[in-house]
Amino acid sequence: MASLFIFFLLSLFSLLPFSFSEPKGVSIDCGAVADSVVEGRRWFTDESYVTGGTSKNVTVPVTVPILSTVRSFPLENNLNNKFCYTIRVYRGARYMVRSTYFYGGINGRDTPPVFDQILDGTLWTVVNTTTDYANGVSTYYEGVFLAQTNVMTFCIGVNTYTDSDPFISSLEFIILGDSLYNSTDFQNYGLHLAARNSFGYNGPSIRYPDDEFDRIWVPFGENNHTLATKNVSVSGFWNLPPLKVFQTELTTSDQTQPLEFNWPLMSLPDAKYYIALYFADGSDSAENLRVINVTINGVPYYRDLKVTQAGVAVFATRWPLHGTTKISLTSSAGSNLGPFINAGEVLALLPIEGRTVTRDVIALKKFKDSLKNPPRGWNGDPCLPRQYTWTGITCSEGPRFRVLTLNLTGMDLSGTLPSGIGGMTALNGIWLGNNRLSGPIPDLSSLKRLDILHLEDNQFTGEIPSSLGLIESLRELFLQNNNLTGQIPSSLNGKPGLDLRVSGNQLSSPPPS
């Protein structure tokens, strides 16, 4: 069996107090035309966070204002392209990211499209809202991720199974306290929510302001179990569950019998999971003793768990699950009260695929900004996920993903070639021929590994930079059919092993020696 990391935490180890201020971060109402405040939370329009797409109104009535609009992205000619939101974040902070979808008939079809959602360079999940939409409800996906730079990107990806325009209703980036889910290796993993439930509770979902981070605790109760309501005073687990989840419990009518139930209700994919179970005993008598054994799918999860009014939580950080999951709670010897549970969370560990090295991202952004008509799909991480690599580039393998080649031949690009492209120091080939690029050729001497530079059939002006002769690895330099002037630099003229082509320019002959 895979190694397991399990520990329990009493409330006296509280690291953060409860706060009832608005969650810190940004909440985006996609497609909205004006900012709004809904149930105490401020929602912003998405125009400053995304480029591309169209704002649309849903065609069916909704009771939640945030679901009345979407941003829709075009399917046509965009296979394996992505459309991205760019969010300024605090580097090193932990963020809850939640995307919400309500189709609302925007594409004129009965069923919504299926597509991908991507965070930075990681393919997070396939977005399939078909069942929820048929039931008249929205679908949300939630995860916890570390901000590894001061920018995070959230992208919608068009895949082969996408049959109409993809869309999004809302997007949230909420800063979490340092104590939340802090046993997770966020450098290498994110957490993808599978279930978060308040057991024995049958009211509306518990969220902000009860939960200061606006996590959603969904009611969970079964008819063959007793639902009990109690008064407790819990205020300090590391994950900071809201007090309200401890006011009800799922238990048995016969306290001598085990409490068994399937949870989460859906079949889980084969993966490692972060599991947190929460308990707080609300019995009044000091003579009562509640000690519980917990098993998951028949495997002991925790033995002789003593539950007090102060509360206790039990965590596992890498527990393997697959398919149907059965939770079993039994009373230990000496316990005079039956088993129960208040709340629980299950989140799948999502391996982080990595991200393109920052200097290459910056260099490509400068090049993109210098173009009047950049290639389709140049959004989000350039190299990752692999099926969404930007048009015209190839990348190295990780863990440091570098851009190795840039090939945009014959794409009718107009604009300039900025000096910032020299930041991609792993480049070994540049093919930009047969476009409409203009302006001077920049100093590219920082590209020490460059062996091919094709700039032919463009509109470059000025002199050929002598600094190109400093690139020892350069073996092909195609500059023909531009508007270059001056002389061929001595550093290039006669350079051993260099195939230099310069015809079709306005170059002058060197003076006689």
# chains A, B, ... in the order shown; residues from 1 in each chain; ligands from 1
>>> select_by_dssp(residues="range 337-425 of chain A", states="helix (DSSP H, G or I)", output="number ranges by chain")
A: 358-370, 386-388, 419-423
>>> write_last_selection(atoms="N, CA, C and O atoms", output="PDB file, in the first residue's frame")
ATOM      1  N   THR A 358      10.213  31.604 -17.005  1.00  0.00           N
ATOM      2  CA  THR A 358       9.682  32.967 -17.029  1.00  0.00           C
ATOM      3  C   THR A 358      10.335  33.832 -18.098  1.00  0.00           C
ATOM      4  O   THR A 358       9.658  34.601 -18.790  1.00  0.00           O
ATOM      5  N   ARG A 359      11.644  33.739 -18.276  1.00  0.00           N
ATOM      6  CA  ARG A 359      12.315  34.601 -19.252  1.00  0.00           C
ATOM      7  C   ARG A 359      11.819  34.333 -20.665  1.00  0.00           C
ATOM      8  O   ARG A 359      11.707  35.253 -21.477  1.00  0.00           O
ATOM      9  N   ASP A 360      11.470  33.069 -20.966  1.00  0.00           N
ATOM     10  CA  ASP A 360      10.933  32.752 -22.288  1.00  0.00           C
ATOM     11  C   ASP A 360       9.517  33.290 -22.447  1.00  0.00           C
ATOM     12  O   ASP A 360       9.132  33.760 -23.523  1.00  0.00           O
ATOM     13  N   VAL A 361       8.734  33.212 -21.366  1.00  0.00           N
ATOM     14  CA  VAL A 361       7.370  33.762 -21.404  1.00  0.00           C
ATOM     15  C   VAL A 361       7.425  35.266 -21.663  1.00  0.00           C
ATOM     16  O   VAL A 361       6.669  35.799 -22.495  1.00  0.00           O
ATOM     17  N   ILE A 362       8.318  35.950 -20.963  1.00  0.00           N
ATOM     18  CA  ILE A 362       8.445  37.398 -21.134  1.00  0.00           C
ATOM     19  C   ILE A 362       8.864  37.738 -22.557  1.00  0.00           C
ATOM     20  O   ILE A 362       8.315  38.652 -23.196  1.00  0.00           O
ATOM     21  N   ALA A 363       9.837  36.992 -23.096  1.00  0.00           N
ATOM     22  CA  ALA A 363      10.321  37.260 -24.454  1.00  0.00           C
ATOM     23  C   ALA A 363       9.223  37.038 -25.494  1.00  0.00           C
ATOM     24  O   ALA A 363       9.058  37.841 -26.419  1.00  0.00           O
ATOM     25  N   LEU A 364       8.460  35.954 -25.341  1.00  0.00           N
ATOM     26  CA  LEU A 364       7.381  35.693 -26.289  1.00  0.00           C
ATOM     27  C   LEU A 364       6.277  36.724 -26.180  1.00  0.00           C
ATOM     28  O   LEU A 364       5.658  37.098 -27.191  1.00  0.00           O
ATOM     29  N   LYS A 365       6.008  37.203 -24.969  1.00  0.00           N
ATOM     30  CA  LYS A 365       4.990  38.238 -24.812  1.00  0.00           C
ATOM     31  C   LYS A 365       5.431  39.528 -25.506  1.00  0.00           C
ATOM     32  O   LYS A 365       4.614  40.212 -26.148  1.00  0.00           O
ATOM     33  N   LYS A 366       6.712  39.877 -25.402  1.00  0.00           N
ATOM     34  CA  LYS A 366       7.200  41.062 -26.090  1.00  0.00           C
ATOM     35  C   LYS A 366       7.053  40.908 -27.598  1.00  0.00           C
ATOM     36  O   LYS A 366       6.686  41.869 -28.298  1.00  0.00           O
ATOM     37  N   PHE A 367       7.335  39.720 -28.115  1.00  0.00           N
ATOM     38  CA  PHE A 367       7.173  39.479 -29.545  1.00  0.00           C
ATOM     39  C   PHE A 367       5.698  39.553 -29.933  1.00  0.00           C
ATOM     40  O   PHE A 367       5.335  40.190 -30.932  1.00  0.00           O
ATOM     41  N   LYS A 368       4.838  38.936 -29.125  1.00  0.00           N
ATOM     42  CA  LYS A 368       3.400  38.985 -29.404  1.00  0.00           C
ATOM     43  C   LYS A 368       2.902  40.429 -29.420  1.00  0.00           C
ATOM     44  O   LYS A 368       2.128  40.822 -30.303  1.00  0.00           O
ATOM     45  N   ASP A 369       3.344  41.213 -28.446  1.00  0.00           N
ATOM     46  CA  ASP A 369       2.897  42.605 -28.357  1.00  0.00           C
ATOM     47  C   ASP A 369       3.408  43.442 -29.532  1.00  0.00           C
ATOM     48  O   ASP A 369       2.823  44.480 -29.858  1.00  0.00           O
ATOM     49  N   SER A 370       4.504  43.006 -30.157  1.00  0.00           N
ATOM     50  CA  SER A 370       5.057  43.758 -31.289  1.00  0.00           C
ATOM     51  C   SER A 370       4.363  43.419 -32.600  1.00  0.00           C
ATOM     52  O   SER A 370       4.622  44.076 -33.618  1.00  0.00           O
ATOM     53  N   ARG A 386       0.960  20.111 -23.215  1.00  0.00           N
ATOM     54  CA  ARG A 386       1.606  19.780 -24.477  1.00  0.00           C
ATOM     55  C   ARG A 386       0.664  19.904 -25.673  1.00  0.00           C
ATOM     56  O   ARG A 386       1.061  20.349 -26.749  1.00  0.00           O
ATOM     57  N   GLN A 387      -0.602  19.476 -25.499  1.00  0.00           N
ATOM     58  CA  GLN A 387      -1.522  19.547 -26.635  1.00  0.00           C
ATOM     59  C   GLN A 387      -1.970  20.964 -26.928  1.00  0.00           C
ATOM     60  O   GLN A 387      -2.646  21.208 -27.926  1.00  0.00           O
ATOM     61  N   TYR A 388      -1.588  21.904 -26.065  1.00  0.00           N
ATOM     62  CA  TYR A 388      -1.953  23.308 -26.262  1.00  0.00           C
ATOM     63  C   TYR A 388      -0.716  24.198 -26.420  1.00  0.00           C
ATOM     64  O   TYR A 388      -0.781  25.405 -26.193  1.00  0.00           O
ATOM     65  N   SER A 419      13.926  43.441 -29.660  1.00  0.00           N
ATOM     66  CA  SER A 419      15.186  42.939 -29.098  1.00  0.00           C
ATOM     67  C   SER A 419      14.933  41.949 -27.971  1.00  0.00           C
ATOM     68  O   SER A 419      15.781  41.095 -27.683  1.00  0.00           O
ATOM     69  N   GLY A 420      13.748  42.047 -27.330  1.00  0.00           N
ATOM     70  CA  GLY A 420      13.428  41.143 -26.230  1.00  0.00           C
ATOM     71  C   GLY A 420      13.399  39.686 -26.604  1.00  0.00           C
ATOM     72  O   GLY A 420      13.478  38.804 -25.736  1.00  0.00           O
ATOM     73  N   ILE A 421      13.328  39.390 -27.902  1.00  0.00           N
ATOM     74  CA  ILE A 421      13.318  37.984 -28.323  1.00  0.00           C
ATOM     75  C   ILE A 421      14.643  37.314 -27.960  1.00  0.00           C
ATOM     76  O   ILE A 421      14.730  36.093 -27.856  1.00  0.00           O
ATOM     77  N   GLY A 422      15.672  38.139 -27.730  1.00  0.00           N
ATOM     78  CA  GLY A 422      16.955  37.595 -27.308  1.00  0.00           C
ATOM     79  C   GLY A 422      16.936  36.993 -25.920  1.00  0.00           C
ATOM     80  O   GLY A 422      17.902  36.349 -25.506  1.00  0.00           O
ATOM     81  N   GLY A 423      15.821  37.160 -25.197  1.00  0.00           N
ATOM     82  CA  GLY A 423      15.709  36.536 -23.882  1.00  0.00           C
ATOM     83  C   GLY A 423      15.498  35.039 -23.931  1.00  0.00           C
ATOM     84  O   GLY A 423      15.692  34.347 -22.922  1.00  0.00           O
TER      85      GLY A 423
END
>>> select_by_dssp(residues="range 202-313 of chain A", states="strand (DSSP E or B)", output="VMD selection string")
chain A and resid 206 217 to 220 226 to 229 248 to 251 259 to 262 268 to 279 290 to 296 299 to 307 312 to 313
>>> atom_distance(atom1="CA of Arg449 in chain A", atom2="CA of Leu384 in chain A")
22.6 Å
>>> atom_distance(atom1="CA of Tyr85 in chain A", atom2="CA of Thr63 in chain A")
25.9 Å
>>> atom_distance(atom1="CA of Gly410 in chain A", atom2="CA of Leu432 in chain A")
7.5 Å
>>> residues_around(residues="Trp124 in chain A", least_positions_apart="4", cutoff="9 Å", atoms="only C-alpha atoms", output="list in words")
Asp116, Gln117, Ile118, Leu119, Gly143, His192, Leu350 and Ile352 of chain A
>>> write_last_selection(atoms="C-alpha atoms", output="PDB file, in the first residue's frame")
ATOM      1  CA  ASP A 116     -10.961  21.613 -21.179  1.00  0.00           C
ATOM      2  CA  GLN A 117      -9.987  23.970 -18.399  1.00  0.00           C
ATOM      3  CA  ILE A 118      -6.332  24.705 -17.753  1.00  0.00           C
ATOM      4  CA  LEU A 119      -4.531  26.424 -14.900  1.00  0.00           C
ATOM      5  CA  GLY A 143      -9.146  23.620  -6.709  1.00  0.00           C
ATOM      6  CA  HIS A 192      -9.039  19.288  -7.098  1.00  0.00           C
ATOM      7  CA  LEU A 350      -3.447  16.973  -9.220  1.00  0.00           C
ATOM      8  CA  ILE A 352       1.443  20.112 -11.623  1.00  0.00           C
TER       9      ILE A 352
END
>>> closest_residue(among="A:Pro61, A:Gly190, A:Gly486, A:Gly439", to="Leu349 in chain A", atoms="only C-alpha atoms")
A:Gly190
>>> closest_residue(among="A:Pro351, A:Gly40, A:Gly433, A:Gly282", to="Gly311 in chain A", atoms="only C-alpha atoms")
A:Gly282
>>> residues_around(residues="range 451-464 of chain A", least_positions_apart="6", cutoff="8 Å", atoms="only C-alpha atoms", output="ChimeraX atom specification")
/A:428-441,473-489
>>> write_last_selection(atoms="N, CA, C and O atoms", output="short mmCIF file (atom, residue, chain, number, x, y, z; two decimals), in the first residue's frame")
data_model
loop_
_atom_site.label_atom_id
_atom_site.label_comp_id
_atom_site.auth_asym_id
_atom_site.auth_seq_id
_atom_site.Cartn_x
_atom_site.Cartn_y
_atom_site.Cartn_z
N ASN A 428 17.42 27.50 -30.77
CA ASN A 428 18.42 27.06 -31.75
C ASN A 428 17.97 27.29 -33.18
O ASN A 428 18.74 27.09 -34.12
N GLY A 429 16.71 27.69 -33.37
CA GLY A 429 16.23 27.95 -34.72
C GLY A 429 15.11 28.96 -34.73
O GLY A 429 14.18 28.88 -33.91
N ILE A 430 15.21 29.95 -35.66
CA ILE A 430 14.16 30.94 -35.86
C ILE A 430 13.82 30.97 -37.35
O ILE A 430 14.70 31.21 -38.19
N TRP A 431 12.55 30.72 -37.65
CA TRP A 431 12.07 30.78 -39.03
C TRP A 431 10.91 31.78 -39.08
O TRP A 431 9.81 31.48 -38.61
N LEU A 432 11.17 32.94 -39.64
CA LEU A 432 10.15 33.98 -39.74
C LEU A 432 10.01 34.47 -41.18
O LEU A 432 9.51 35.57 -41.43
N GLY A 433 10.42 33.68 -42.12
CA GLY A 433 10.39 34.08 -43.52
C GLY A 433 8.98 34.21 -44.09
O GLY A 433 8.02 33.66 -43.55
N ASN A 434 8.88 34.98 -45.19
CA ASN A 434 7.63 35.13 -45.94
C ASN A 434 6.51 35.70 -45.07
O ASN A 434 5.41 35.17 -45.02
N ASN A 435 6.82 36.79 -44.38
CA ASN A 435 5.83 37.54 -43.62
C ASN A 435 5.92 39.02 -44.03
O ASN A 435 6.47 39.33 -45.11
N ARG A 436 5.41 39.90 -43.23
CA ARG A 436 5.47 41.33 -43.51
C ARG A 436 6.09 42.09 -42.34
O ARG A 436 5.66 43.17 -41.98
N LEU A 437 7.10 41.47 -41.75
CA LEU A 437 7.79 42.09 -40.62
C LEU A 437 8.67 43.22 -41.10
O LEU A 437 9.31 43.13 -42.17
N SER A 438 8.75 44.29 -40.32
CA SER A 438 9.48 45.48 -40.73
C SER A 438 10.34 45.99 -39.58
O SER A 438 10.37 45.41 -38.49
N GLY A 439 11.03 47.09 -39.85
CA GLY A 439 11.90 47.66 -38.83
C GLY A 439 13.27 47.02 -38.87
O GLY A 439 13.57 46.15 -39.70
N PRO A 440 14.16 47.41 -37.95
CA PRO A 440 15.52 46.86 -37.94
C PRO A 440 15.58 45.45 -37.37
O PRO A 440 14.71 45.03 -36.61
N ILE A 441 16.63 44.74 -37.75
CA ILE A 441 16.91 43.44 -37.15
C ILE A 441 17.63 43.69 -35.82
O ILE A 441 18.65 44.39 -35.79
N SER A 473 27.60 29.46 -33.24
CA SER A 473 26.88 28.28 -33.74
C SER A 473 26.09 28.56 -35.02
O SER A 473 25.59 27.62 -35.65
N LEU A 474 25.98 29.81 -35.44
CA LEU A 474 25.13 30.17 -36.58
C LEU A 474 25.68 29.57 -37.88
O LEU A 474 26.83 29.82 -38.25
N ARG A 475 24.84 28.81 -38.57
CA ARG A 475 25.26 28.19 -39.82
C ARG A 475 24.34 28.53 -40.99
O ARG A 475 24.69 28.30 -42.15
N GLU A 476 23.14 29.05 -40.73
CA GLU A 476 22.24 29.51 -41.79
C GLU A 476 21.72 30.89 -41.43
O GLU A 476 21.09 31.06 -40.37
N LEU A 477 21.95 31.87 -42.30
CA LEU A 477 21.43 33.22 -42.11
C LEU A 477 20.82 33.68 -43.43
O LEU A 477 21.53 34.04 -44.36
N PHE A 478 19.49 33.61 -43.51
CA PHE A 478 18.77 33.94 -44.74
C PHE A 478 18.12 35.31 -44.56
O PHE A 478 17.19 35.47 -43.75
N LEU A 479 18.60 36.30 -45.33
CA LEU A 479 18.10 37.67 -45.22
C LEU A 479 17.63 38.22 -46.57
O LEU A 479 17.34 39.42 -46.69
N GLN A 480 17.53 37.38 -47.56
CA GLN A 480 17.21 37.86 -48.90
C GLN A 480 15.80 38.46 -48.98
O GLN A 480 14.93 38.13 -48.20
N ASN A 481 15.65 39.39 -49.97
CA ASN A 481 14.37 40.00 -50.28
C ASN A 481 13.79 40.78 -49.10
O ASN A 481 12.65 40.57 -48.68
N ASN A 482 14.60 41.68 -48.55
CA ASN A 482 14.16 42.66 -47.56
C ASN A 482 14.53 44.05 -48.07
O ASN A 482 14.76 44.23 -49.28
N ASN A 483 14.60 45.02 -47.21
CA ASN A 483 15.00 46.37 -47.58
C ASN A 483 16.24 46.80 -46.80
O ASN A 483 16.36 47.94 -46.34
N LEU A 484 17.15 45.88 -46.64
CA LEU A 484 18.36 46.13 -45.87
C LEU A 484 19.34 46.99 -46.65
O LEU A 484 19.43 46.89 -47.88
N THR A 485 20.09 47.80 -45.94
CA THR A 485 21.06 48.69 -46.56
C THR A 485 22.42 48.53 -45.89
O THR A 485 22.57 47.78 -44.91
N GLY A 486 23.39 49.27 -46.42
CA GLY A 486 24.73 49.21 -45.86
C GLY A 486 25.52 48.04 -46.44
O GLY A 486 25.20 47.51 -47.50
N GLN A 487 26.52 47.62 -45.72
CA GLN A 487 27.40 46.55 -46.16
C GLN A 487 27.23 45.30 -45.30
O GLN A 487 26.72 45.37 -44.18
N ILE A 488 27.63 44.19 -45.88
CA ILE A 488 27.66 42.95 -45.09
C ILE A 488 28.78 43.08 -44.06
O ILE A 488 29.93 43.36 -44.40
N PRO A 489 28.46 42.91 -42.79
CA PRO A 489 29.50 43.07 -41.76
C PRO A 489 30.66 42.10 -41.98
O PRO A 489 30.47 40.96 -42.43
#
